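S.K.: What follows is entry-v9.txt, made up of compact mmCIF, C-alpha atoms:
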```txt
# COMPACT_ATOMS: atom_id res chain seq x y z
CA MET A 89 27.63 24.75 140.37
CA PRO A 90 25.10 22.54 142.26
CA THR A 91 27.61 19.71 142.75
CA THR A 92 30.32 22.15 143.85
CA THR A 93 28.00 23.83 146.31
CA VAL A 94 26.78 20.53 147.71
CA ASP A 95 30.35 19.32 148.13
CA LEU A 96 31.48 22.61 149.65
CA THR A 97 28.56 22.80 152.06
CA ALA A 98 28.81 19.17 153.21
CA ASP A 99 29.09 19.03 157.00
CA ASN A 100 31.72 16.30 157.04
CA PRO A 101 35.52 15.97 156.76
CA ARG A 102 35.33 15.81 152.96
CA GLY A 103 33.38 19.07 152.83
CA ALA A 104 35.79 20.71 155.25
CA HIS A 105 38.70 19.56 153.11
CA ALA A 106 37.04 21.01 149.97
CA ARG A 107 36.49 24.32 151.76
CA ARG A 108 40.11 24.47 152.90
CA THR A 109 41.31 23.78 149.34
CA THR A 110 39.03 26.52 148.02
CA ALA A 111 40.39 28.91 150.65
CA TRP A 112 43.96 28.22 149.48
CA ILE A 113 42.98 28.76 145.84
CA ALA A 114 41.26 32.03 146.82
CA ALA A 115 44.32 33.19 148.77
CA GLY A 116 46.59 32.38 145.82
CA LEU A 117 44.36 34.20 143.34
CA ALA A 118 44.02 37.21 145.65
CA THR A 119 47.81 37.42 146.08
CA ALA A 120 48.35 37.19 142.33
CA ALA A 121 45.65 39.80 141.69
CA GLY A 122 47.11 42.14 144.33
CA PHE A 123 50.59 41.81 142.91
CA THR A 124 49.44 42.28 139.30
CA GLY A 125 47.07 45.13 140.08
CA ALA A 126 49.40 47.06 142.37
CA LEU A 127 52.76 46.53 140.67
CA LEU A 128 52.67 44.88 137.24
CA ALA A 129 49.81 46.84 135.69
CA PRO A 130 50.70 50.40 134.68
CA ALA A 131 48.85 53.46 135.87
CA ASP A 132 46.33 54.78 133.37
CA ALA A 133 47.34 57.63 131.07
CA ALA A 134 44.25 59.74 131.67
CA GLN A 135 43.27 58.73 135.21
CA GLY A 136 46.64 58.03 136.87
CA GLN A 137 46.92 55.79 139.94
CA ALA A 138 43.21 56.17 140.78
CA GLN A 139 42.39 53.79 137.92
CA ARG A 140 43.76 50.93 140.06
CA LEU A 141 40.51 51.15 142.05
CA MET A 142 39.09 49.31 139.04
CA TYR A 143 40.61 46.08 140.38
CA LEU A 144 38.35 46.33 143.44
CA HIS A 145 35.34 48.10 141.97
CA VAL A 146 34.71 45.93 138.89
CA PRO A 147 35.12 42.54 140.65
CA ALA A 148 32.79 43.71 143.44
CA ALA A 149 30.15 44.73 140.91
CA TRP A 150 30.44 41.61 138.72
CA VAL A 151 30.46 39.16 141.61
CA ALA A 152 27.46 41.00 143.08
CA TYR A 153 25.68 40.28 139.77
CA LEU A 154 26.76 36.63 140.11
CA ALA A 155 25.50 36.48 143.70
CA PHE A 156 22.11 37.87 142.64
CA ALA A 157 22.05 35.36 139.77
CA ALA A 158 22.58 32.66 142.41
CA VAL A 159 19.62 34.10 144.36
CA LEU A 160 17.54 33.89 141.17
CA ALA A 161 18.58 30.32 140.34
CA ALA A 162 18.20 29.08 143.93
CA SER A 163 14.81 30.79 144.30
CA VAL A 164 13.52 29.20 141.09
CA ALA A 165 14.87 25.80 142.19
CA HIS A 166 13.23 26.19 145.59
CA LEU A 167 9.85 27.08 144.09
CA ILE A 168 10.08 24.05 141.77
CA ASN A 169 11.17 21.33 144.18
CA GLY A 170 10.50 22.87 147.60
CA ASP A 171 13.96 21.94 148.89
CA LEU A 172 14.79 24.32 151.73
CA ARG A 173 18.50 23.98 151.03
CA TRP A 174 17.97 26.17 147.94
CA ASP A 175 16.25 28.71 150.17
CA ARG A 176 19.35 28.88 152.35
CA VAL A 177 21.56 29.27 149.25
CA ALA A 178 19.31 32.16 148.12
CA ARG A 179 19.59 33.91 151.46
CA ALA A 180 23.38 33.51 151.60
CA GLY A 181 23.66 34.73 147.99
CA ALA A 182 21.62 37.84 148.78
CA GLU A 183 23.75 38.63 151.82
CA ILE A 184 26.95 38.34 149.79
CA GLY A 185 25.46 40.36 146.94
CA VAL A 186 24.38 43.18 149.26
CA VAL A 187 27.86 43.40 150.80
CA LEU A 188 29.52 43.41 147.37
CA THR A 189 27.11 46.03 146.00
CA ALA A 190 27.97 48.24 148.96
CA VAL A 191 31.68 47.67 148.26
CA ALA A 192 31.14 48.56 144.59
CA ILE A 193 29.34 51.78 145.56
CA GLY A 194 32.02 52.68 148.12
CA THR A 195 35.02 52.07 145.84
CA GLY A 196 33.17 53.72 142.95
CA SER A 197 32.50 56.76 145.08
CA LEU A 198 36.19 57.13 145.90
CA TRP A 199 37.13 56.56 142.24
CA GLY A 200 34.56 59.18 141.20
CA HIS A 201 35.96 61.64 143.72
CA LEU A 202 39.46 61.17 142.35
CA VAL A 203 38.69 61.14 138.62
CA TRP A 204 35.27 62.68 137.96
CA GLY A 205 35.58 65.29 140.69
CA THR A 206 32.52 64.18 142.69
CA TRP A 207 31.71 61.49 145.27
CA TRP A 208 28.21 60.97 143.93
CA ALA A 209 26.24 61.90 140.82
CA TRP A 210 22.55 61.39 140.04
CA ASP A 211 23.56 59.33 137.05
CA PRO A 212 21.56 56.29 135.81
CA ARG A 213 24.25 53.73 136.70
CA LEU A 214 24.75 55.08 140.21
CA VAL A 215 21.05 55.50 140.95
CA SER A 216 20.13 52.06 139.58
CA THR A 217 22.91 50.45 141.63
CA ALA A 218 21.60 52.18 144.75
CA LEU A 219 18.12 50.81 143.90
CA LEU A 220 19.65 47.32 143.50
CA LEU A 221 21.18 47.60 146.97
CA LEU A 222 17.82 48.77 148.31
CA ALA A 223 15.95 45.91 146.61
CA TYR A 224 18.09 43.13 148.08
CA THR A 225 18.31 44.83 151.48
CA GLY A 226 14.52 44.82 151.29
CA TYR A 227 14.61 41.12 150.38
CA LEU A 228 16.64 40.37 153.52
CA ALA A 229 14.36 42.61 155.59
CA LEU A 230 11.34 40.73 154.22
CA ARG A 231 12.88 37.44 155.33
CA ARG A 232 13.52 38.82 158.79
CA ALA A 233 10.01 40.25 159.06
CA LEU A 234 8.43 36.96 157.93
CA ALA A 235 10.60 35.00 160.37
CA GLU A 236 9.48 37.23 163.22
CA ARG A 237 5.82 36.96 162.23
CA THR A 238 5.73 33.20 161.71
CA GLY A 239 8.18 32.40 164.48
CA GLY A 240 9.78 29.85 162.16
CA PRO A 241 13.53 29.55 161.61
CA ASP A 242 14.68 31.57 158.58
CA GLY A 243 16.02 28.99 156.14
CA GLY A 244 13.83 26.19 157.50
CA ASP A 245 10.26 27.39 157.01
CA ARG A 246 8.24 27.47 153.80
CA ARG A 247 6.08 30.34 155.07
CA ILE A 248 9.26 32.42 154.80
CA SER A 249 10.95 30.77 151.86
CA ARG A 250 8.12 31.02 149.33
CA PRO A 251 7.41 34.79 149.48
CA ALA A 252 11.16 35.33 149.73
CA ALA A 253 11.76 33.29 146.58
CA VAL A 254 9.24 35.43 144.66
CA ALA A 255 10.99 38.60 145.88
CA GLY A 256 14.40 37.13 145.05
CA ILE A 257 13.30 36.40 141.49
CA ALA A 258 11.67 39.83 141.03
CA GLY A 259 14.75 41.63 142.35
CA PHE A 260 16.90 40.21 139.58
CA LEU A 261 14.95 42.36 137.06
CA LEU A 262 17.11 45.26 138.25
CA VAL A 263 20.42 43.59 137.35
CA PRO A 264 20.13 44.08 133.56
CA VAL A 265 18.87 47.62 134.20
CA VAL A 266 22.03 48.36 136.19
CA HIS A 267 24.31 46.71 133.65
CA PHE A 268 22.82 48.34 130.53
CA SER A 269 22.02 51.70 132.15
CA VAL A 270 25.20 53.15 130.64
CA LEU A 271 24.02 52.13 127.15
CA TRP A 272 20.31 52.94 127.48
CA TRP A 273 20.72 56.40 128.98
CA ARG A 274 23.28 59.20 129.00
CA SER A 275 25.51 58.74 131.97
CA LEU A 276 28.61 60.09 133.59
CA HIS A 277 29.76 56.54 134.26
CA GLN A 278 31.86 55.06 131.48
CA GLN A 279 30.61 52.11 129.46
CA ALA A 280 31.83 48.55 129.81
CA THR A 281 35.25 47.60 128.46
CA ILE A 282 35.71 43.87 128.96
CA LEU A 283 32.00 43.04 128.62
CA ALA A 284 31.52 45.30 125.58
CA PRO A 285 30.70 43.58 122.27
CA GLU A 286 33.50 45.40 120.46
CA ARG A 287 36.12 45.65 123.13
CA PRO A 288 37.78 49.06 123.40
CA PRO A 289 41.54 49.03 123.92
CA ILE A 290 42.79 48.05 127.37
CA ASP A 291 46.41 47.39 128.23
CA PRO A 292 46.89 43.57 128.48
CA ARG A 293 48.50 43.87 131.93
CA MET A 294 45.46 45.84 133.15
CA ALA A 295 43.14 43.22 131.66
CA LEU A 296 45.14 40.44 133.36
CA ALA A 297 44.98 42.19 136.75
CA LEU A 298 41.24 42.70 136.30
CA LEU A 299 40.57 39.06 135.35
CA LEU A 300 42.69 37.78 138.26
CA ALA A 301 40.83 40.08 140.64
CA VAL A 302 37.48 38.85 139.31
CA ALA A 303 38.61 35.21 139.71
CA ALA A 304 39.78 35.89 143.26
CA ALA A 305 36.56 37.69 144.20
CA SER A 306 34.42 34.91 142.69
CA THR A 307 36.30 32.22 144.63
CA VAL A 308 36.09 34.16 147.90
CA ALA A 309 32.37 34.70 147.33
CA LEU A 310 31.82 30.98 146.61
CA LEU A 311 33.66 30.10 149.80
CA ALA A 312 31.66 32.65 151.80
CA LEU A 313 28.47 31.19 150.33
CA ALA A 314 29.48 27.65 151.35
CA HIS A 315 30.32 28.68 154.91
CA ARG A 316 27.13 30.72 155.25
CA VAL A 317 24.90 27.92 153.92
CA LEU A 318 26.59 25.45 156.27
CA ARG A 319 26.04 27.74 159.25
CA LEU A 320 22.38 28.29 158.34
CA GLU A 321 21.97 24.51 157.95
CA ARG A 322 23.40 23.89 161.42
CA ARG A 323 21.18 26.58 162.91
CA VAL A 324 18.05 25.10 161.33
CA ALA A 325 19.12 21.58 162.38
CA ALA A 326 19.44 22.85 165.96
CA THR A 327 15.99 24.45 166.07
CA GLY A 328 14.27 21.93 163.81
CA GLU A 329 12.42 22.64 160.58
CA ALA A 330 8.95 24.05 161.00
CA PRO A 331 6.37 21.26 160.68
CA THR A 332 4.68 22.67 157.61
CA THR A 333 3.28 20.97 154.59
CA GLY A 334 4.18 22.12 151.11
CA THR A 335 1.21 24.47 150.85
CA GLY A 336 2.93 27.29 152.66
CA THR A 337 -0.07 28.16 154.83
CA GLY A 338 1.39 26.86 158.07
CA ARG A 339 -0.44 27.36 161.33
CA ARG A 340 -2.73 30.05 159.97
CA SER A 341 -6.21 28.96 159.02
CA PRO A 342 -6.04 27.49 155.52
CA ALA A 343 -6.54 30.00 152.74
CA PRO A 344 -9.57 29.39 150.53
CA VAL A 345 -8.67 27.19 147.61
CA ARG A 346 -8.86 29.08 144.36
CA MET B 1141 -5.40 41.11 158.44
CA ILE B 1142 -6.76 42.42 155.18
CA ARG B 1143 -8.41 39.78 153.00
CA ARG B 1144 -6.43 38.45 150.09
CA PRO B 1145 -7.98 40.34 147.10
CA GLY B 1146 -7.84 43.57 149.09
CA ARG B 1147 -4.24 42.96 149.97
CA LEU B 1148 -3.36 42.30 146.32
CA ALA B 1149 -5.06 45.55 145.26
CA LEU B 1150 -3.22 47.44 147.98
CA VAL B 1151 0.12 46.01 146.85
CA ALA B 1152 -0.69 46.91 143.22
CA VAL B 1153 -1.59 50.49 144.17
CA LEU B 1154 1.56 50.85 146.26
CA LEU B 1155 3.71 49.45 143.45
CA ALA B 1156 2.13 51.76 140.86
CA GLY B 1157 2.54 54.77 143.14
CA GLY B 1158 6.12 53.86 143.91
CA GLY B 1159 6.84 53.38 140.20
CA LEU B 1160 5.36 56.80 139.33
CA LEU B 1161 7.34 58.44 142.11
CA VAL B 1162 10.57 56.76 141.04
CA THR B 1163 10.16 57.62 137.36
CA SER B 1164 9.32 61.26 138.08
CA VAL B 1165 12.33 61.55 140.35
CA LEU B 1166 14.50 59.76 137.81
CA ARG B 1167 13.54 61.90 134.83
CA ASP B 1168 16.51 64.11 135.59
CA THR B 1169 18.69 61.03 136.02
CA LEU B 1170 17.66 59.39 132.75
CA THR B 1171 18.82 62.46 130.84
CA TYR B 1172 21.85 63.08 132.99
CA TYR B 1173 23.13 65.85 130.74
CA ARG B 1174 22.05 67.83 127.66
CA THR B 1175 24.16 68.14 124.54
CA PRO B 1176 25.32 71.49 123.11
CA GLY B 1177 22.89 70.94 120.22
CA GLU B 1178 19.93 70.59 122.61
CA VAL B 1179 20.94 73.68 124.58
CA LEU B 1180 21.34 75.77 121.41
CA THR B 1181 17.99 74.69 119.91
CA ASP B 1182 16.11 75.25 123.19
CA PRO B 1183 17.98 78.02 125.05
CA ALA B 1184 14.96 78.82 127.24
CA ALA B 1185 15.16 75.40 128.90
CA ALA B 1186 18.83 75.94 129.68
CA ARG B 1187 18.12 79.18 131.56
CA GLN B 1188 17.20 76.94 134.49
CA ARG B 1189 19.94 74.95 136.10
CA VAL B 1190 20.92 72.08 133.78
CA ARG B 1191 23.87 69.85 133.04
CA LEU B 1192 25.72 70.18 129.75
CA GLY B 1193 28.04 67.49 128.40
CA GLY B 1194 30.48 67.29 125.52
CA GLU B 1195 34.08 67.13 124.48
CA VAL B 1196 36.37 69.91 125.68
CA VAL B 1197 37.41 71.44 122.35
CA PRO B 1198 41.22 71.22 121.99
CA GLY B 1199 42.75 74.70 121.97
CA SER B 1200 39.69 76.36 123.51
CA LEU B 1201 40.83 76.17 127.15
CA ARG B 1202 42.06 79.39 128.77
CA HIS B 1203 42.25 80.81 132.27
CA ASP B 1204 40.83 84.27 132.92
CA GLY B 1205 41.50 85.18 136.55
CA ASP B 1206 39.24 82.95 138.67
CA LEU B 1207 37.39 81.86 135.56
CA VAL B 1208 38.18 78.88 133.36
CA VAL B 1209 36.78 79.31 129.87
CA PHE B 1210 36.44 76.51 127.31
CA ARG B 1211 34.07 75.21 124.68
CA LEU B 1212 32.10 71.94 124.86
CA ALA B 1213 31.32 70.26 121.55
CA ASP B 1214 29.11 67.40 120.44
CA ALA B 1215 27.96 66.46 116.94
CA GLY B 1216 29.42 69.66 115.48
CA ARG B 1217 27.62 72.08 117.85
CA GLN B 1218 29.57 74.06 120.44
CA VAL B 1219 28.76 76.03 123.58
CA THR B 1220 31.23 78.27 125.38
CA VAL B 1221 31.43 77.56 129.11
CA ARG B 1222 32.53 80.01 131.80
CA GLN B 1223 33.47 77.92 134.82
CA HIS B 1224 33.66 79.52 138.26
CA GLY B 1225 36.03 77.46 140.36
CA VAL B 1226 38.79 74.96 139.75
CA PRO B 1227 38.03 71.90 137.58
CA PRO B 1228 39.27 68.45 138.71
CA GLU B 1229 42.90 67.52 138.04
CA THR B 1230 41.87 65.01 135.38
CA PHE B 1231 40.18 67.77 133.32
CA ARG B 1232 41.87 67.98 129.91
CA GLU B 1233 41.25 69.22 126.41
CA GLY B 1234 39.98 66.46 124.15
CA GLU B 1235 38.31 64.60 127.03
CA ASP B 1236 34.59 64.67 127.78
CA ALA B 1237 33.23 66.78 130.60
CA VAL B 1238 29.83 67.50 132.13
CA VAL B 1239 29.26 70.96 133.59
CA GLU B 1240 26.40 72.18 135.77
CA GLY B 1241 24.97 75.67 135.63
CA ARG B 1242 22.73 77.82 133.43
CA LEU B 1243 22.92 79.48 130.06
CA GLY B 1244 23.48 83.23 130.34
CA THR B 1245 21.71 85.81 128.17
CA ASP B 1246 24.99 86.35 126.34
CA GLY B 1247 24.91 82.75 125.08
CA VAL B 1248 27.71 81.67 127.40
CA PHE B 1249 27.04 78.81 129.83
CA ASP B 1250 27.85 79.83 133.41
CA ALA B 1251 28.96 76.72 135.27
CA ASP B 1252 29.98 76.18 138.87
CA GLN B 1253 30.81 72.48 138.68
CA VAL B 1254 32.87 70.45 136.23
CA LEU B 1255 32.80 66.65 136.19
CA VAL B 1256 35.25 64.76 134.02
CA ARG B 1257 33.60 62.06 131.92
CA HIS B 1258 36.41 59.70 131.05
CA GLY B 1259 36.17 56.96 128.45
CA ASN B 1260 36.36 53.19 128.76
CA GLU B 1261 39.81 52.88 127.19
CA TYR B 1262 42.78 52.20 129.43
CA ARG B 1263 46.35 52.90 128.36
CA PRO B 1264 49.66 53.01 130.20
CA SER B 1265 51.18 56.44 130.83
CA SER B 1266 54.80 55.24 130.95
CA PRO B 1267 57.35 57.33 129.04
CA ALA B 1268 57.96 54.29 126.84
CA HIS B 1269 54.56 55.00 125.31
CA PRO B 1270 54.56 58.76 124.80
CA GLU B 1271 50.97 59.79 124.70
CA PRO B 1272 49.76 63.36 124.38
CA SER B 1273 47.23 64.06 127.08
CA ASP B 1274 44.56 65.03 124.59
CA ALA B 1275 44.90 61.93 122.40
CA ARG B 1276 41.66 60.10 121.84
```
Can you turn what I pasted into structure tokens?
M.R.:
Amino acid sequence: MPTTTVDLTADNPRGAHARRTTAWIAAGLATAAGFTGALLAPADAAQGQAQRLMYLHVPAAWVAYLAFAAVLAASVAHLINGDLRWDRVARAGAEIGVVLTAVAIGTGSLWGHLVWGTWWAWDPRLVSTALLLLAYTGYLALRRALAERTGGPDGGDRRISRPAAVAGIAGFLLVPVVHFSVLWWRSLHQQATILAPERPPIDPRMALALLLAVAAASTVALLALAHRVLRLERRVAATGEAPTTGTGTGRRSPAPVR
Amino acid sequence: MIRRPGRLALVAVLLAGGGLLVTSVLRDTLTYYRTPGEVLTDPAAARQRVRLGGEVVPGSLRHDGDLVVFRLADAGRQVTVRQHGVPPETFREGEDAVVEGRLGTDGVFDADQVLVRHGNEYRPSSPAHPEPSDAR
């Protein structure tokens, strides 16, 4: 992924070409997923047409996990080598993850209304997903608050990036809780099908539609990440990186060495 | 600006408090529903409003005026449910359901909400694959 991201975020004709190619691949996958999910795949025996919401809900949730995994990886990389580009990748990943988590909650709510008979239930999967949304919204709010306090550009200042990286790593603790909530506790939400160790039966056309939708959503998210990182890079280049050393103390009086 | 050790302690206290608050609020969430066995062994607890989950026993479903009566089963134990109000369209015998209400003194569970708890298996409903609605 690093080489892909670097290529895709390059601010030159080659990078632009790579982004255009990715956009075409994403459009092709999305068309195929839409066609398969809406027409080729049959309606579910127990749930009827409402089950088709799966082709939006599951990709949104999985790619949100992926986006938060990108936040984790980029935050760790930033703490290790101090490269602010990783900090910008982390921020873009969190933004994409928050949007996708909201989409997963929204589509899930509609699906629940149609099949369970309720828009919302205080069930472990639903509550933990809401906490996940809250955690990464808090992460973005923390970045904003730090940027306002330090006056540095978000994405170009280590006084923002270091605390944010710690929060971005800590937030990922919730992802396994969300994913395994349906196994650890009694829930209204059904358990995993594709990601289950012993896969329960799913019609192959439904599985195909689901996998195409996940591929399309992943490609769109990667493209969104590349564009977002590029835009943040340009913004930081315009304002200039804050003249800080690697210690993260900045203009404030130096903290006592421990 | 609070000095660094003080700030760390404050953060720790806030985190611990938040954790306690979240877990106490979530206790109801972590046991989203009780099983028929739990309700039968501790009927007093089910006199307060609780959720009860299990499989809708095939053949037990009948309509009695505004009431829908059925039995919920899990691990061989069964509770009769008297539901006030219309269940969702996806409600079927042989599928799981979670009801909300309280256990009456007559041993029947008076519910006012039914949620359908569907499984993680997905099958086509086309006539080419005839499938009885209660097949599991």
S.K.: Pick the closest to Gly1259 of chain B from B:Asp1236, B:Thr1245, B:Gly1159, B:Val1197: which is it, counting only C-alpha atoms?
M.R.: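 Nearest candidate to Gly1259 of chain B out of B:Asp1236, B:Thr1245, B:Gly1159, B:Val1197: B:Asp1236.
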S.K.: Between atom CA of Ala126 of chain A and atom CA of Leu154 of chain A, measure the distance and give it in Å to one decimal.
M.R.: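 Atom CA of Leu154 of chain A lies at a distance of 25.0 Å from atom CA of Ala126 of chain A.
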S.K.: Just how far from atom CA of Gly1193 of chain B is atom CA of Leu220 of chain A, in Å to one decimal?
M.R.: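 Computing the Euclidean distance for atom CA of Leu220 of chain A and atom CA of Gly1193 of chain B yields 26.6 Å.
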S.K.: For segment 116-118 of chain A, work out the shell of residues within 7 Å, counting only C-alpha atoms and skipping chain neighbours fewer than 3 positions away, then give it as a ChimeraX atom specification.
M.R.: /A:112-113,121-122,300-301,303-304
S.K.: Per residue of segment 1224-1266 of chain B within 8 Å of segment 1208-1215 of chain B, record the nearest atom pair and its distance in Å to one decimal, counting only C-alpha atoms, with rows in chain order and ascending residue number, as a tab-separated table.
M.R.:
```
residue	atom	partner	partner_atom	distance
B:His1224	CA	B:Val1208	CA	6.7
B:Gly1225	CA	B:Val1208	CA	7.5
B:Val1226	CA	B:Val1208	CA	7.5
B:Ala1237	CA	B:Leu1212	CA	7.8
```
S.K.: Fewer than 2 positions away in the same chain doesn't count, so skip those; otherwise give me all residues within 10 Å of segment 1173-1189 of chain B, counting all atoms listed in the file, as JSON, numbers by chain.
M.R.: {"A": [211, 273, 274, 275, 276], "B": [1168, 1169, 1170, 1171, 1191, 1192, 1193, 1194, 1195, 1211, 1212, 1213, 1214, 1215, 1216, 1217, 1218, 1219, 1220, 1238, 1239, 1240, 1241, 1242, 1243, 1244, 1245, 1247, 1249, 1250, 1251]}
S.K.: Please list as number ranges by chain every residue within 7 Å of segment 132-138 of chain A, counting only C-alpha atoms and excluding residues in the same chain fewer than 6 positions away.
M.R.: A: 199, 202-203; B: 1230, 1262-1265, 1273
S.K.: So that I have them on file, write out the residues from the current selection with C-alpha atoms, as a tab-separated table (two decimals), in the coordinates of the input.
M.R.:
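Heads up, here's the output in part_6.tsv:
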```tsv
chain	number	residue	atom	x	y	z
A	199	TRP	CA	37.13	56.56	142.24
A	202	LEU	CA	39.46	61.17	142.35
A	203	VAL	CA	38.69	61.14	138.62
B	1230	THR	CA	41.87	65.01	135.38
B	1262	TYR	CA	42.78	52.20	129.43
B	1263	ARG	CA	46.35	52.90	128.36
B	1264	PRO	CA	49.66	53.01	130.20
B	1265	SER	CA	51.18	56.44	130.83
B	1273	SER	CA	47.23	64.06	127.08
```
S.K.: Mind giving me the straight-line distance from atom CA of Glu236 of chain A to atom CA of Leu1150 of chain B in Å, one decimal?
M.R.: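 Separation between atom CA of Glu236 of chain A and atom CA of Leu1150 of chain B: 22.3 Å.
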S.K.: Pick the closest to chain A from B:Val1248, B:Leu1166, B:Leu1155, B:Leu1201: which is it, counting all atoms listed in the file?
M.R.: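 Of B:Val1248, B:Leu1166, B:Leu1155, B:Leu1201, the one nearest chain A, counting all atoms listed in the file, is B:Leu1166.
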S.K.: Hey, what's within 8 Å of Pro1228 of chain B if we count all atoms listed in the file and toss same-chain stuff fewer than 6 positions away? As a ChimeraX atom specification, please?
M.R.: /A:203-205 /B:1254-1256
S.K.: Excluding same-chain residues fewer than 4 positions from segment 293-299 of chain A, what lies within 7 Å of it counting only C-alpha atoms, as a PyMOL selection string?
M.R.: chain A and resi 121+124-125+128-129+143+303
S.K.: Here is a test: counting all atoms listed in the file, which residue of B:Leu1148, B:Glu1235, B:Asn1260, B:Asp1246 is nearest to Met142 of chain A?
M.R.: B:Asn1260
S.K.: Nearest residue to chain B out of A:Gly243, A:Gly200, A:Pro264, A:Pro130, using all atoms listed in the file?
M.R.: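 With all atoms listed in the file as the atom set, the closest residue is A:Pro130.
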S.K.: Using only C-alpha atoms for the distances, tell me which of A:Ala180, A:Val151, A:Val265, A:Val324 is nearest to chain B.
M.R.: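 Looking only at the distances to chain B, the closest residue turns out to be A:Val265.
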S.K.: Considering all atoms listed in the file, state which residue in the set B:Gln1253, B:Ser1200, B:Gln1223, B:Ser1164 is at the smallest distance from chain A.
M.R.: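 Ranked by minimum distance to chain A, first place goes to B:Gln1253.
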S.K.: Can you report as lines of an AutoDock Vina configuration file the centre and edge lengths in Å, to one decimal, of an axis-aligned box around the listed atoms of segment 1167-1183 of chain B padded with 4 Å on each side?
M.R.:
```
center_x = 19.4
center_y = 68.7
center_z = 128.0
size_x = 19.8
size_y = 26.6
size_z = 24.1
```
